[in-house]
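S.K.: coords_18.pdb (PDB, C-alpha atoms) pasted underneath:
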MODEL        1
ATOM      1  CA  MET A 146      89.427 163.849  27.077  1.00  0.00           C
ATOM      2  CA  ASP A 147      90.981 163.645  30.531  1.00  0.00           C
ATOM      3  CA  ILE A 148      93.832 161.145  30.107  1.00  0.00           C
ATOM      4  CA  GLY A 149      94.686 161.351  33.805  1.00  0.00           C
ATOM      5  CA  SER A 150      91.223 160.101  34.811  1.00  0.00           C
ATOM      6  CA  ILE A 151      91.296 157.390  32.167  1.00  0.00           C
ATOM      7  CA  LEU A 152      94.658 156.130  33.415  1.00  0.00           C
ATOM      8  CA  GLN A 153      93.405 156.052  37.007  1.00  0.00           C
ATOM      9  CA  GLN A 154      90.277 154.169  35.971  1.00  0.00           C
ATOM     10  CA  ILE A 155      92.275 151.650  33.922  1.00  0.00           C
ATOM     11  CA  GLU A 156      94.598 151.007  36.882  1.00  0.00           C
ATOM     12  CA  PHE A 157      91.540 150.383  39.089  1.00  0.00           C
ATOM     13  CA  ILE A 158      90.101 148.004  36.478  1.00  0.00           C
ATOM     14  CA  LYS A 159      93.386 146.078  36.400  1.00  0.00           C
ATOM     15  CA  GLU A 160      93.509 145.970  40.210  1.00  0.00           C
ATOM     16  CA  ILE A 161      90.030 144.534  40.652  1.00  0.00           C
ATOM     17  CA  ASP A 162      90.927 141.621  38.363  1.00  0.00           C
ATOM     18  CA  LYS A 163      92.489 140.219  41.557  1.00  0.00           C
ATOM     19  CA  LEU A 164      88.953 139.550  42.815  1.00  0.00           C
ATOM     20  CA  LYS A 165      88.885 136.537  40.478  1.00  0.00           C
ATOM     21  CA  TYR A 166      91.627 134.924  42.586  1.00  0.00           C
ATOM     22  CA  ILE A 167      89.887 135.259  45.954  1.00  0.00           C
ATOM     23  CA  GLN A 168      88.450 131.816  46.663  1.00  0.00           C
ATOM     24  CA  ARG A 169      85.343 131.493  48.792  1.00  0.00           C
ATOM     25  CA  LYS A 170      84.514 128.448  50.885  1.00  0.00           C
ATOM     26  CA  THR A 171      81.181 127.939  49.133  1.00  0.00           C
ATOM     27  CA  ARG A 172      81.111 125.816  46.011  1.00  0.00           C
ATOM     28  CA  LEU A 173      79.309 126.493  42.748  1.00  0.00           C
ATOM     29  CA  PHE A 174      75.854 124.955  42.339  1.00  0.00           C
ATOM     30  CA  ASN A 175      76.054 121.164  42.041  1.00  0.00           C
ATOM     31  CA  SER A 176      79.848 121.330  41.862  1.00  0.00           C
ATOM     32  CA  GLU A 177      83.013 120.550  43.766  1.00  0.00           C
ATOM     33  CA  ARG A 178      84.688 123.764  42.566  1.00  0.00           C
ATOM     34  CA  ASN A 179      84.853 126.690  44.939  1.00  0.00           C
ATOM     35  CA  GLU A 180      83.380 129.965  43.820  1.00  0.00           C
ATOM     36  CA  ASN A 181      85.604 133.029  43.547  1.00  0.00           C
ATOM     37  CA  ASP A 182      84.607 136.517  44.687  1.00  0.00           C
ATOM     38  CA  ALA A 183      84.082 137.819  41.141  1.00  0.00           C
ATOM     39  CA  GLU A 184      81.683 134.979  40.314  1.00  0.00           C
ATOM     40  CA  HIS A 185      79.865 135.578  43.598  1.00  0.00           C
ATOM     41  CA  SER A 186      79.479 139.307  42.909  1.00  0.00           C
ATOM     42  CA  TRP A 187      78.243 138.702  39.357  1.00  0.00           C
ATOM     43  CA  HIS A 188      75.701 136.152  40.565  1.00  0.00           C
ATOM     44  CA  LEU A 189      74.388 138.529  43.222  1.00  0.00           C
ATOM     45  CA  ALA A 190      73.994 141.292  40.623  1.00  0.00           C
ATOM     46  CA  VAL A 191      71.870 139.074  38.393  1.00  0.00           C
ATOM     47  CA  MET A 192      69.876 137.863  41.413  1.00  0.00           C
ATOM     48  CA  ALA A 193      69.217 141.478  42.425  1.00  0.00           C
ATOM     49  CA  ILE A 194      67.857 142.295  38.970  1.00  0.00           C
ATOM     50  CA  VAL A 195      65.679 139.186  38.815  1.00  0.00           C
ATOM     51  CA  LEU A 196      64.420 139.234  42.422  1.00  0.00           C
ATOM     52  CA  ALA A 197      64.041 142.996  43.021  1.00  0.00           C
ATOM     53  CA  GLY A 198      60.266 142.727  42.840  1.00  0.00           C
ATOM     54  CA  HIS A 199      60.350 140.747  46.107  1.00  0.00           C
ATOM     55  CA  SER A 200      62.084 143.500  48.096  1.00  0.00           C
ATOM     56  CA  ASN A 201      60.179 144.674  51.174  1.00  0.00           C
ATOM     57  CA  VAL A 202      60.321 148.231  49.818  1.00  0.00           C
ATOM     58  CA  PRO A 203      60.853 149.627  46.304  1.00  0.00           C
ATOM     59  CA  VAL A 204      64.603 149.858  45.666  1.00  0.00           C
ATOM     60  CA  ASP A 205      66.914 151.545  43.188  1.00  0.00           C
ATOM     61  CA  VAL A 206      68.017 148.372  41.396  1.00  0.00           C
ATOM     62  CA  LEU A 207      71.076 150.028  39.826  1.00  0.00           C
ATOM     63  CA  LYS A 208      72.283 151.043  43.284  1.00  0.00           C
ATOM     64  CA  VAL A 209      71.721 147.492  44.597  1.00  0.00           C
ATOM     65  CA  VAL A 210      73.663 146.118  41.622  1.00  0.00           C
ATOM     66  CA  LYS A 211      76.517 148.546  42.338  1.00  0.00           C
ATOM     67  CA  MET A 212      76.528 147.437  45.982  1.00  0.00           C
ATOM     68  CA  VAL A 213      76.742 143.739  45.254  1.00  0.00           C
ATOM     69  CA  LEU A 214      79.333 144.209  42.520  1.00  0.00           C
ATOM     70  CA  ILE A 215      81.702 146.181  44.759  1.00  0.00           C
ATOM     71  CA  HIS A 216      80.944 144.871  48.274  1.00  0.00           C
ATOM     72  CA  ASP A 217      83.752 142.280  48.279  1.00  0.00           C
ATOM     73  CA  ILE A 218      86.407 144.296  46.408  1.00  0.00           C
ATOM     74  CA  VAL A 219      88.001 145.029  49.795  1.00  0.00           C
ATOM     75  CA  GLU A 220      88.810 141.312  50.057  1.00  0.00           C
ATOM     76  CA  ILE A 221      91.622 141.874  47.549  1.00  0.00           C
ATOM     77  CA  ASP A 222      93.572 143.251  50.519  1.00  0.00           C
ATOM     78  CA  ALA A 223      91.618 142.024  53.538  1.00  0.00           C
ATOM     79  CA  GLY A 224      90.883 138.463  52.357  1.00  0.00           C
ATOM     80  CA  ASP A 225      87.600 136.586  52.526  1.00  0.00           C
ATOM     81  CA  THR A 226      86.221 135.785  55.980  1.00  0.00           C
ATOM     82  CA  PHE A 227      84.031 132.694  56.005  1.00  0.00           C
ATOM     83  CA  ILE A 228      80.621 133.648  57.368  1.00  0.00           C
ATOM     84  CA  TYR A 229      80.708 130.733  59.831  1.00  0.00           C
ATOM     85  CA  ASP A 230      84.300 131.375  60.945  1.00  0.00           C
ATOM     86  CA  THR A 231      84.588 130.828  64.683  1.00  0.00           C
ATOM     87  CA  GLN A 232      87.897 132.717  65.028  1.00  0.00           C
ATOM     88  CA  LYS A 233      87.304 135.905  63.053  1.00  0.00           C
ATOM     89  CA  ASN A 234      84.150 138.010  63.128  1.00  0.00           C
ATOM     90  CA  HIS A 235      82.413 138.503  59.778  1.00  0.00           C
ATOM     91  CA  THR A 236      81.928 142.242  60.200  1.00  0.00           C
ATOM     92  CA  ASN A 237      83.545 145.333  58.751  1.00  0.00           C
ATOM     93  CA  THR A 238      87.114 145.518  60.009  1.00  0.00           C
ATOM     94  CA  ASP A 239      89.872 148.081  60.049  1.00  0.00           C
ATOM     95  CA  ASP A 240      91.585 146.016  57.338  1.00  0.00           C
ATOM     96  CA  GLU A 241      88.525 146.334  55.116  1.00  0.00           C
ATOM     97  CA  ARG A 242      88.366 150.092  55.690  1.00  0.00           C
ATOM     98  CA  LEU A 243      92.027 150.460  54.703  1.00  0.00           C
ATOM     99  CA  ALA A 244      91.375 148.280  51.637  1.00  0.00           C
ATOM    100  CA  ALA A 245      88.365 150.373  50.609  1.00  0.00           C
ATOM    101  CA  ASN A 246      90.358 153.573  50.886  1.00  0.00           C
ATOM    102  CA  ARG A 247      93.307 152.156  48.944  1.00  0.00           C
ATOM    103  CA  ILE A 248      91.442 150.359  46.154  1.00  0.00           C
ATOM    104  CA  PHE A 249      88.602 152.821  45.541  1.00  0.00           C
ATOM    105  CA  GLY A 250      91.125 155.617  46.100  1.00  0.00           C
ATOM    106  CA  MET A 251      92.812 154.584  42.854  1.00  0.00           C
ATOM    107  CA  LEU A 252      89.879 156.180  41.017  1.00  0.00           C
ATOM    108  CA  PRO A 253      89.353 159.890  40.360  1.00  0.00           C
ATOM    109  CA  ALA A 254      88.183 161.548  43.593  1.00  0.00           C
ATOM    110  CA  GLU A 255      84.495 161.861  42.685  1.00  0.00           C
ATOM    111  CA  GLN A 256      84.194 158.189  41.672  1.00  0.00           C
ATOM    112  CA  ALA A 257      86.225 157.073  44.677  1.00  0.00           C
ATOM    113  CA  SER A 258      83.911 158.977  47.016  1.00  0.00           C
ATOM    114  CA  GLU A 259      80.810 157.518  45.356  1.00  0.00           C
ATOM    115  CA  LEU A 260      82.001 153.911  45.571  1.00  0.00           C
ATOM    116  CA  ILE A 261      83.251 154.268  49.143  1.00  0.00           C
ATOM    117  CA  ALA A 262      79.858 155.719  50.098  1.00  0.00           C
ATOM    118  CA  ILE A 263      78.038 152.816  48.396  1.00  0.00           C
ATOM    119  CA  TRP A 264      80.336 150.291  50.101  1.00  0.00           C
ATOM    120  CA  GLU A 265      79.739 151.981  53.483  1.00  0.00           C
ATOM    121  CA  GLU A 266      75.977 151.970  52.879  1.00  0.00           C
ATOM    122  CA  PHE A 267      76.082 148.229  52.157  1.00  0.00           C
ATOM    123  CA  GLU A 268      78.154 147.558  55.262  1.00  0.00           C
ATOM    124  CA  ALA A 269      75.820 149.615  57.488  1.00  0.00           C
ATOM    125  CA  GLY A 270      72.814 147.708  56.157  1.00  0.00           C
ATOM    126  CA  GLN A 271      70.272 150.393  57.043  1.00  0.00           C
ATOM    127  CA  THR A 272      68.735 151.529  53.740  1.00  0.00           C
ATOM    128  CA  GLY A 273      66.250 149.566  51.668  1.00  0.00           C
ATOM    129  CA  GLU A 274      68.910 149.023  49.002  1.00  0.00           C
ATOM    130  CA  ALA A 275      71.488 147.800  51.505  1.00  0.00           C
ATOM    131  CA  LYS A 276      69.019 145.458  53.200  1.00  0.00           C
ATOM    132  CA  PHE A 277      68.026 143.942  49.866  1.00  0.00           C
ATOM    133  CA  ALA A 278      71.655 143.661  48.703  1.00  0.00           C
ATOM    134  CA  ARG A 279      72.561 141.899  51.958  1.00  0.00           C
ATOM    135  CA  SER A 280      69.625 139.545  51.420  1.00  0.00           C
ATOM    136  CA  MET A 281      71.130 138.527  48.085  1.00  0.00           C
ATOM    137  CA  ASP A 282      74.527 138.042  49.747  1.00  0.00           C
ATOM    138  CA  ARG A 283      73.023 135.627  52.284  1.00  0.00           C
ATOM    139  CA  LEU A 284      70.643 133.841  49.919  1.00  0.00           C
ATOM    140  CA  GLU A 285      73.139 132.769  47.258  1.00  0.00           C
ATOM    141  CA  PRO A 286      75.338 130.576  49.537  1.00  0.00           C
ATOM    142  CA  LEU A 287      72.205 129.020  51.030  1.00  0.00           C
ATOM    143  CA  LEU A 288      71.081 127.996  47.549  1.00  0.00           C
ATOM    144  CA  GLN A 289      74.565 126.664  46.808  1.00  0.00           C
ATOM    145  CA  ASN A 290      74.859 124.615  49.997  1.00  0.00           C
ATOM    146  CA  SER A 291      71.418 123.113  49.531  1.00  0.00           C
ATOM    147  CA  SER A 292      72.372 122.111  45.960  1.00  0.00           C
ATOM    148  CA  ASN A 293      75.608 120.522  47.188  1.00  0.00           C
ATOM    149  CA  SER A 294      74.171 118.144  49.796  1.00  0.00           C
ATOM    150  CA  GLY A 295      75.107 120.504  52.603  1.00  0.00           C
ATOM    151  CA  GLY A 296      78.350 121.794  51.088  1.00  0.00           C
ATOM    152  CA  THR A 297      80.230 123.951  53.584  1.00  0.00           C
ATOM    153  CA  TRP A 298      77.720 123.176  56.343  1.00  0.00           C
ATOM    154  CA  LYS A 299      78.858 119.550  56.318  1.00  0.00           C
ATOM    155  CA  GLU A 300      82.504 120.307  55.555  1.00  0.00           C
ATOM    156  CA  PHE A 301      82.849 122.678  58.525  1.00  0.00           C
ATOM    157  CA  GLY A 302      80.282 121.143  60.887  1.00  0.00           C
ATOM    158  CA  VAL A 303      77.933 124.132  60.773  1.00  0.00           C
ATOM    159  CA  LYS A 304      74.658 123.446  62.536  1.00  0.00           C
ATOM    160  CA  TYR A 305      71.082 124.629  61.976  1.00  0.00           C
ATOM    161  CA  GLU A 306      71.116 127.317  64.678  1.00  0.00           C
ATOM    162  CA  LYS A 307      74.152 129.030  63.177  1.00  0.00           C
ATOM    163  CA  VAL A 308      72.757 128.869  59.637  1.00  0.00           C
ATOM    164  CA  TYR A 309      69.399 130.208  60.799  1.00  0.00           C
ATOM    165  CA  GLU A 310      71.054 133.032  62.749  1.00  0.00           C
ATOM    166  CA  LYS A 311      73.209 134.133  59.800  1.00  0.00           C
ATOM    167  CA  LYS A 312      70.472 133.776  57.171  1.00  0.00           C
ATOM    168  CA  LYS A 313      67.610 135.510  58.993  1.00  0.00           C
ATOM    169  CA  VAL A 314      69.001 138.861  57.789  1.00  0.00           C
ATOM    170  CA  ILE A 315      67.345 137.952  54.470  1.00  0.00           C
ATOM    171  CA  LYS A 316      64.020 138.907  56.089  1.00  0.00           C
ATOM    172  CA  GLU A 317      65.161 142.522  56.486  1.00  0.00           C
ATOM    173  CA  GLY A 318      65.383 142.876  52.707  1.00  0.00           C
ATOM    174  CA  SER A 319      62.642 140.505  51.613  1.00  0.00           C
ATOM    175  CA  GLU A 320      60.071 138.727  53.732  1.00  0.00           C
ATOM    176  CA  ALA A 321      59.013 136.716  50.667  1.00  0.00           C
ATOM    177  CA  LEU A 322      62.557 135.468  50.022  1.00  0.00           C
ATOM    178  CA  TRP A 323      63.014 134.794  53.739  1.00  0.00           C
ATOM    179  CA  ALA A 324      59.899 132.573  53.714  1.00  0.00           C
ATOM    180  CA  TYR A 325      61.473 130.627  50.849  1.00  0.00           C
ATOM    181  CA  ALA A 326      64.900 130.527  52.528  1.00  0.00           C
ATOM    182  CA  GLU A 327      63.490 129.445  55.891  1.00  0.00           C
ATOM    183  CA  GLY A 328      61.639 126.616  54.143  1.00  0.00           C
ATOM    184  CA  LEU A 329      64.857 125.600  52.397  1.00  0.00           C
ATOM    185  CA  ILE A 330      66.759 125.565  55.703  1.00  0.00           C
ATOM    186  CA  ASN A 331      64.108 123.376  57.310  1.00  0.00           C
ATOM    187  CA  GLU A 332      63.990 121.113  54.257  1.00  0.00           C
ATOM    188  CA  SER A 333      67.790 120.756  54.483  1.00  0.00           C
ATOM    189  CA  VAL A 334      67.403 119.500  58.055  1.00  0.00           C
ATOM    190  CA  GLU A 335      64.730 117.021  56.956  1.00  0.00           C
ATOM    191  CA  LYS A 336      66.990 115.764  54.155  1.00  0.00           C
ATOM    192  CA  GLY A 337      69.859 115.294  56.606  1.00  0.00           C
ATOM    193  CA  ILE A 338      72.186 117.753  54.875  1.00  0.00           C
ATOM    194  CA  LEU A 339      72.035 120.246  57.751  1.00  0.00           C
ATOM    195  CA  GLU A 340      72.450 118.994  61.296  1.00  0.00           C
ATOM    196  CA  LYS A 341      70.100 120.270  63.976  1.00  0.00           C
TER
ENDMDL
END
Using C-alpha cells, write down the structure from this file.
M.R.:
Amino acid sequence: MDIGSILQQIEFIKEIDKLKYIQRKTRLFNSERNENDAEHSWHLAVMAIVLAGHSNVPVDVLKVVKMVLIHDIVEIDAGDTFIYDTQKNHTNTDDERLAANRIFGMLPAEQASELIAIWEEFEAGQTGEAKFARSMDRLEPLLQNSSNSGGTWKEFGVKYEKVYEKKKVIKEGSEALWAYAEGLINESVEKGILEK
C-alpha cells in the first residue's frame, strides 16, 4: 500500500467537492433552482452512456464519461463562464490552465498527467470522444432551457442566432442529436420561448 498516493488522492477528492458549490446559470429541468457544476457533470456522464450509440463515430464511452466528469473541475478556481456571456469568451483561458495544473496536480504524477491530457483533449475538441463529449455539454442546457419556458434565454435576452451558433457544435459529435436539437431550437421559436 502506498499511503502517500492514497493521501494525495483523498486530498484531490476533498478538493473537487467544491464543484458542488459552483452555480451555473442554467436551471434544472422544470425548476427554478440553478444547477451546480457537479450535477451538470453527472448528468452529462449519464447522457453519454445512454446516447453513445448516436455518436457520428464509435467512441470509447469510458473516456467520454471521464471527459464530462472532469471538464468543469477547473471552474473551482477559474469560475463558470456563461456560454452566452458577452464580456468574457467561453474558451480555454490561462486561468483554466493554471487551475488544471493545480487541481489535477494534487494527484500522483501518473494520474495527474492522465487527467490533464483528457481535459486538454476535451478542450481541443478534435477527437471523436471530445466531439461527442462536447455535444453532451451543449445539448443538456438546451434541453433544460426548453423545459423552463426559455430559461436563461429569456432571462438574459439570448436570441435564436446566438443559440444556434453555440449549439451547432452538437453536429460535430452527433448528426442525429443535432437534428433533434435543431428541431427543438426551431420549436422553441415557434412556442415563443426563444426570440428570433
S.K.: For the file shown, what are the residues hit by the PyMOL selection byres ((chain A and resi 287) around 12), laid out as an MDAnalysis selection string?
M.R.: chainID A and resid 171:174 228 280:286 288:298 305 308:309 311:313 315 322:323 325:333 338:339
S.K.: For Val213 (chain A), which residue out of A:Asn246, A:Thr226, A:Ser186, A:Thr238 is the nearest one, using all atoms listed in the file?
M.R.: A:Ser186
S.K.: What gap, in Å, lies between CA of Ile221 (chain A) and CA of Phe267 (chain A)?
M.R.: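 Between CA of Ile221 (chain A) and CA of Phe267 (chain A) the gap works out to 17.4 Å.
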S.K.: I need the output of the PyMOL selection byres ((chain A and resi 266) around 12) for this file as a list in words; which residues are they?
M.R.: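 With the shown file as input, the PyMOL selection byres ((chain A and resi 266) around 12) matches Lys208, Val209, Lys211, Met212, Val213, Ile215, His216, Asn237, Glu259, Leu260, Ile261, Ala262, Ile263, Trp264, Glu265, Phe267, Glu268, Ala269, Gly270, Gln271, Thr272, Gly273, Glu274, Ala275, Lys276, Phe277, Ala278 and Arg279 of chain A.
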S.K.: What does the distance from CA of Leu189 (chain A) to CA of Gly318 (chain A) come to in Å, to one decimal?
M.R.: 13.8 Å
S.K.: Of the candidates A:Asp182, A:Asp162, A:Glu156, A:Asp217, which shows the shortest atom-to-atom distance to Glu241 (chain A), using all atoms listed in the file?
M.R.: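 Smallest separation from Glu241 (chain A) among the options: A:Asp217.
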S.K.: Enter the distance from CA of Ser319 (chain A) to CA of Val202 (chain A), in Å, rounded to one decimal.
M.R.: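 For CA of Ser319 (chain A) relative to CA of Val202 (chain A), the distance reads 8.3 Å.
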S.K.: Considering all atoms listed in the file, return as a PyMOL selection string whatever protein or nucleic-acid residues lie within 8 Å of Ile194 (chain A), sequence-local ones (same chain, fewer than 4 positions apart) excluded.
M.R.: chain A and resi 190+206+210
S.K.: Please determine, counting only C-alpha atoms, which residue among A:Ile148, A:Gln168, A:Ala257, A:Gly198 has the shortest atom-to-atom distance to Glu320 (chain A).
M.R.: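 The answer is A:Gly198, which sits nearest to Glu320 (chain A).
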S.K.: Point out the residue among A:Val204, A:Ile248, A:Val314, A:Ile151 with the least atom-to-atom distance to Ala223 (chain A), counting only C-alpha atoms.
M.R.: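 Looking only at the distances to Ala223 (chain A), the closest residue turns out to be A:Ile248.
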S.K.: Would you kindly translate the PyMOL selection byres ((chain A and resi 253) around 10) into the concrete residues it picks from this file, as a VMD selection string?
M.R.: chain A and resid 149 to 154 157 249 to 252 254 to 258
S.K.: So which residues touch Lys165 (chain A) within 12 Å, counting all atoms listed in the file, skipping near sequence neighbours fewer than 2 positions away, as a ChimeraX atom specification?
M.R.: /A:159-163,167-169,179-187,217-218,220-221
S.K.: Could you write region 290-301 of chain A as a PDB file, keeping the file's coordinate frame, with all heavy atoms rebuilt where they are missing?
M.R.:
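Done, and the output landed in rebuild28.pdb:
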ATOM      1  N   ASN A 290      74.692 125.713  49.050  1.00  0.00           N
ATOM      2  CA  ASN A 290      74.859 124.615  49.997  1.00  0.00           C
ATOM      3  C   ASN A 290      73.738 123.596  49.892  1.00  0.00           C
ATOM      4  O   ASN A 290      73.981 122.391  50.008  1.00  0.00           O
ATOM      5  CB  ASN A 290      74.968 125.145  51.433  1.00  0.00           C
ATOM      6  CG  ASN A 290      76.352 125.661  51.737  1.00  0.00           C
ATOM      7  OD1 ASN A 290      77.345 125.187  51.225  1.00  0.00           O
ATOM      8  ND2 ASN A 290      76.418 126.675  52.584  1.00  0.00           N
ATOM      9  N   SER A 291      72.523 124.059  49.658  1.00  0.00           N
ATOM     10  CA  SER A 291      71.418 123.113  49.531  1.00  0.00           C
ATOM     11  C   SER A 291      71.546 122.294  48.245  1.00  0.00           C
ATOM     12  O   SER A 291      71.107 121.147  48.195  1.00  0.00           O
ATOM     13  CB  SER A 291      70.065 123.823  49.609  1.00  0.00           C
ATOM     14  OG  SER A 291      69.867 124.670  48.518  1.00  0.00           O
ATOM     15  N   SER A 292      72.176 122.854  47.213  1.00  0.00           N
ATOM     16  CA  SER A 292      72.372 122.111  45.960  1.00  0.00           C
ATOM     17  C   SER A 292      73.558 121.148  46.037  1.00  0.00           C
ATOM     18  O   SER A 292      73.701 120.278  45.190  1.00  0.00           O
ATOM     19  CB  SER A 292      72.586 123.076  44.786  1.00  0.00           C
ATOM     20  OG  SER A 292      73.918 123.533  44.711  1.00  0.00           O
ATOM     21  N   ASN A 293      74.383 121.323  47.047  1.00  0.00           N
ATOM     22  CA  ASN A 293      75.608 120.522  47.188  1.00  0.00           C
ATOM     23  C   ASN A 293      75.544 119.579  48.387  1.00  0.00           C
ATOM     24  O   ASN A 293      76.560 119.342  49.041  1.00  0.00           O
ATOM     25  CB  ASN A 293      76.829 121.443  47.317  1.00  0.00           C
ATOM     26  CG  ASN A 293      77.207 122.081  46.002  1.00  0.00           C
ATOM     27  OD1 ASN A 293      77.197 121.419  44.977  1.00  0.00           O
ATOM     28  ND2 ASN A 293      77.517 123.367  46.011  1.00  0.00           N
ATOM     29  N   SER A 294      74.363 119.098  48.691  1.00  0.00           N
ATOM     30  CA  SER A 294      74.171 118.144  49.796  1.00  0.00           C
ATOM     31  C   SER A 294      74.763 118.646  51.110  1.00  0.00           C
ATOM     32  O   SER A 294      75.361 117.885  51.869  1.00  0.00           O
ATOM     33  CB  SER A 294      74.780 116.782  49.435  1.00  0.00           C
ATOM     34  OG  SER A 294      74.162 116.277  48.272  1.00  0.00           O
ATOM     35  N   GLY A 295      74.622 119.915  51.353  1.00  0.00           N
ATOM     36  CA  GLY A 295      75.107 120.504  52.603  1.00  0.00           C
ATOM     37  C   GLY A 295      76.394 121.281  52.449  1.00  0.00           C
ATOM     38  O   GLY A 295      76.706 122.125  53.284  1.00  0.00           O
ATOM     39  N   GLY A 296      77.147 121.022  51.397  1.00  0.00           N
ATOM     40  CA  GLY A 296      78.350 121.794  51.088  1.00  0.00           C
ATOM     41  C   GLY A 296      79.186 122.171  52.294  1.00  0.00           C
ATOM     42  O   GLY A 296      79.650 121.313  53.041  1.00  0.00           O
ATOM     43  N   THR A 297      79.364 123.475  52.487  1.00  0.00           N
ATOM     44  CA  THR A 297      80.230 123.951  53.584  1.00  0.00           C
ATOM     45  C   THR A 297      79.623 123.694  54.955  1.00  0.00           C
ATOM     46  O   THR A 297      80.352 123.655  55.936  1.00  0.00           O
ATOM     47  CB  THR A 297      80.533 125.461  53.435  1.00  0.00           C
ATOM     48  OG1 THR A 297      79.319 126.186  53.328  1.00  0.00           O
ATOM     49  CG2 THR A 297      81.390 125.733  52.222  1.00  0.00           C
ATOM     50  N   TRP A 298      78.301 123.515  55.039  1.00  0.00           N
ATOM     51  CA  TRP A 298      77.720 123.176  56.343  1.00  0.00           C
ATOM     52  C   TRP A 298      78.308 121.861  56.833  1.00  0.00           C
ATOM     53  O   TRP A 298      78.737 121.746  57.964  1.00  0.00           O
ATOM     54  CB  TRP A 298      76.197 123.030  56.267  1.00  0.00           C
ATOM     55  CG  TRP A 298      75.450 124.212  55.755  1.00  0.00           C
ATOM     56  CD1 TRP A 298      75.813 125.533  55.857  1.00  0.00           C
ATOM     57  CD2 TRP A 298      74.203 124.199  55.069  1.00  0.00           C
ATOM     58  NE1 TRP A 298      74.857 126.335  55.274  1.00  0.00           N
ATOM     59  CE2 TRP A 298      73.849 125.535  54.780  1.00  0.00           C
ATOM     60  CE3 TRP A 298      73.333 123.173  54.673  1.00  0.00           C
ATOM     61  CZ2 TRP A 298      72.679 125.880  54.116  1.00  0.00           C
ATOM     62  CZ3 TRP A 298      72.165 123.520  54.012  1.00  0.00           C
ATOM     63  CH2 TRP A 298      71.847 124.853  53.739  1.00  0.00           C
ATOM     64  N   LYS A 299      78.321 120.867  55.937  1.00  0.00           N
ATOM     65  CA  LYS A 299      78.858 119.550  56.318  1.00  0.00           C
ATOM     66  C   LYS A 299      80.376 119.607  56.478  1.00  0.00           C
ATOM     67  O   LYS A 299      80.928 119.066  57.430  1.00  0.00           O
ATOM     68  CB  LYS A 299      78.471 118.502  55.280  1.00  0.00           C
ATOM     69  CG  LYS A 299      77.042 118.043  55.423  1.00  0.00           C
ATOM     70  CD  LYS A 299      76.817 116.745  54.695  1.00  0.00           C
ATOM     71  CE  LYS A 299      75.513 116.147  55.208  1.00  0.00           C
ATOM     72  NZ  LYS A 299      75.319 114.799  54.757  1.00  0.00           N
ATOM     73  N   GLU A 300      81.038 120.249  55.537  1.00  0.00           N
ATOM     74  CA  GLU A 300      82.504 120.307  55.555  1.00  0.00           C
ATOM     75  C   GLU A 300      83.042 120.925  56.838  1.00  0.00           C
ATOM     76  O   GLU A 300      84.046 120.474  57.380  1.00  0.00           O
ATOM     77  CB  GLU A 300      83.003 121.105  54.351  1.00  0.00           C
ATOM     78  CG  GLU A 300      84.507 121.170  54.234  1.00  0.00           C
ATOM     79  CD  GLU A 300      84.974 121.959  53.015  1.00  0.00           C
ATOM     80  OE1 GLU A 300      84.158 122.320  52.146  1.00  0.00           O
ATOM     81  OE2 GLU A 300      86.197 122.228  52.949  1.00  0.00           O
ATOM     82  N   PHE A 301      82.353 121.966  57.348  1.00  0.00           N
ATOM     83  CA  PHE A 301      82.849 122.678  58.525  1.00  0.00           C
ATOM     84  C   PHE A 301      82.000 122.444  59.778  1.00  0.00           C
ATOM     85  O   PHE A 301      82.170 123.138  60.773  1.00  0.00           O
ATOM     86  CB  PHE A 301      82.956 124.180  58.224  1.00  0.00           C
ATOM     87  CG  PHE A 301      83.958 124.485  57.144  1.00  0.00           C
ATOM     88  CD1 PHE A 301      83.547 124.697  55.834  1.00  0.00           C
ATOM     89  CD2 PHE A 301      85.321 124.520  57.420  1.00  0.00           C
ATOM     90  CE1 PHE A 301      84.466 124.955  54.825  1.00  0.00           C
ATOM     91  CE2 PHE A 301      86.253 124.772  56.427  1.00  0.00           C
ATOM     92  CZ  PHE A 301      85.820 124.995  55.124  1.00  0.00           C
TER      93      PHE A 301
END
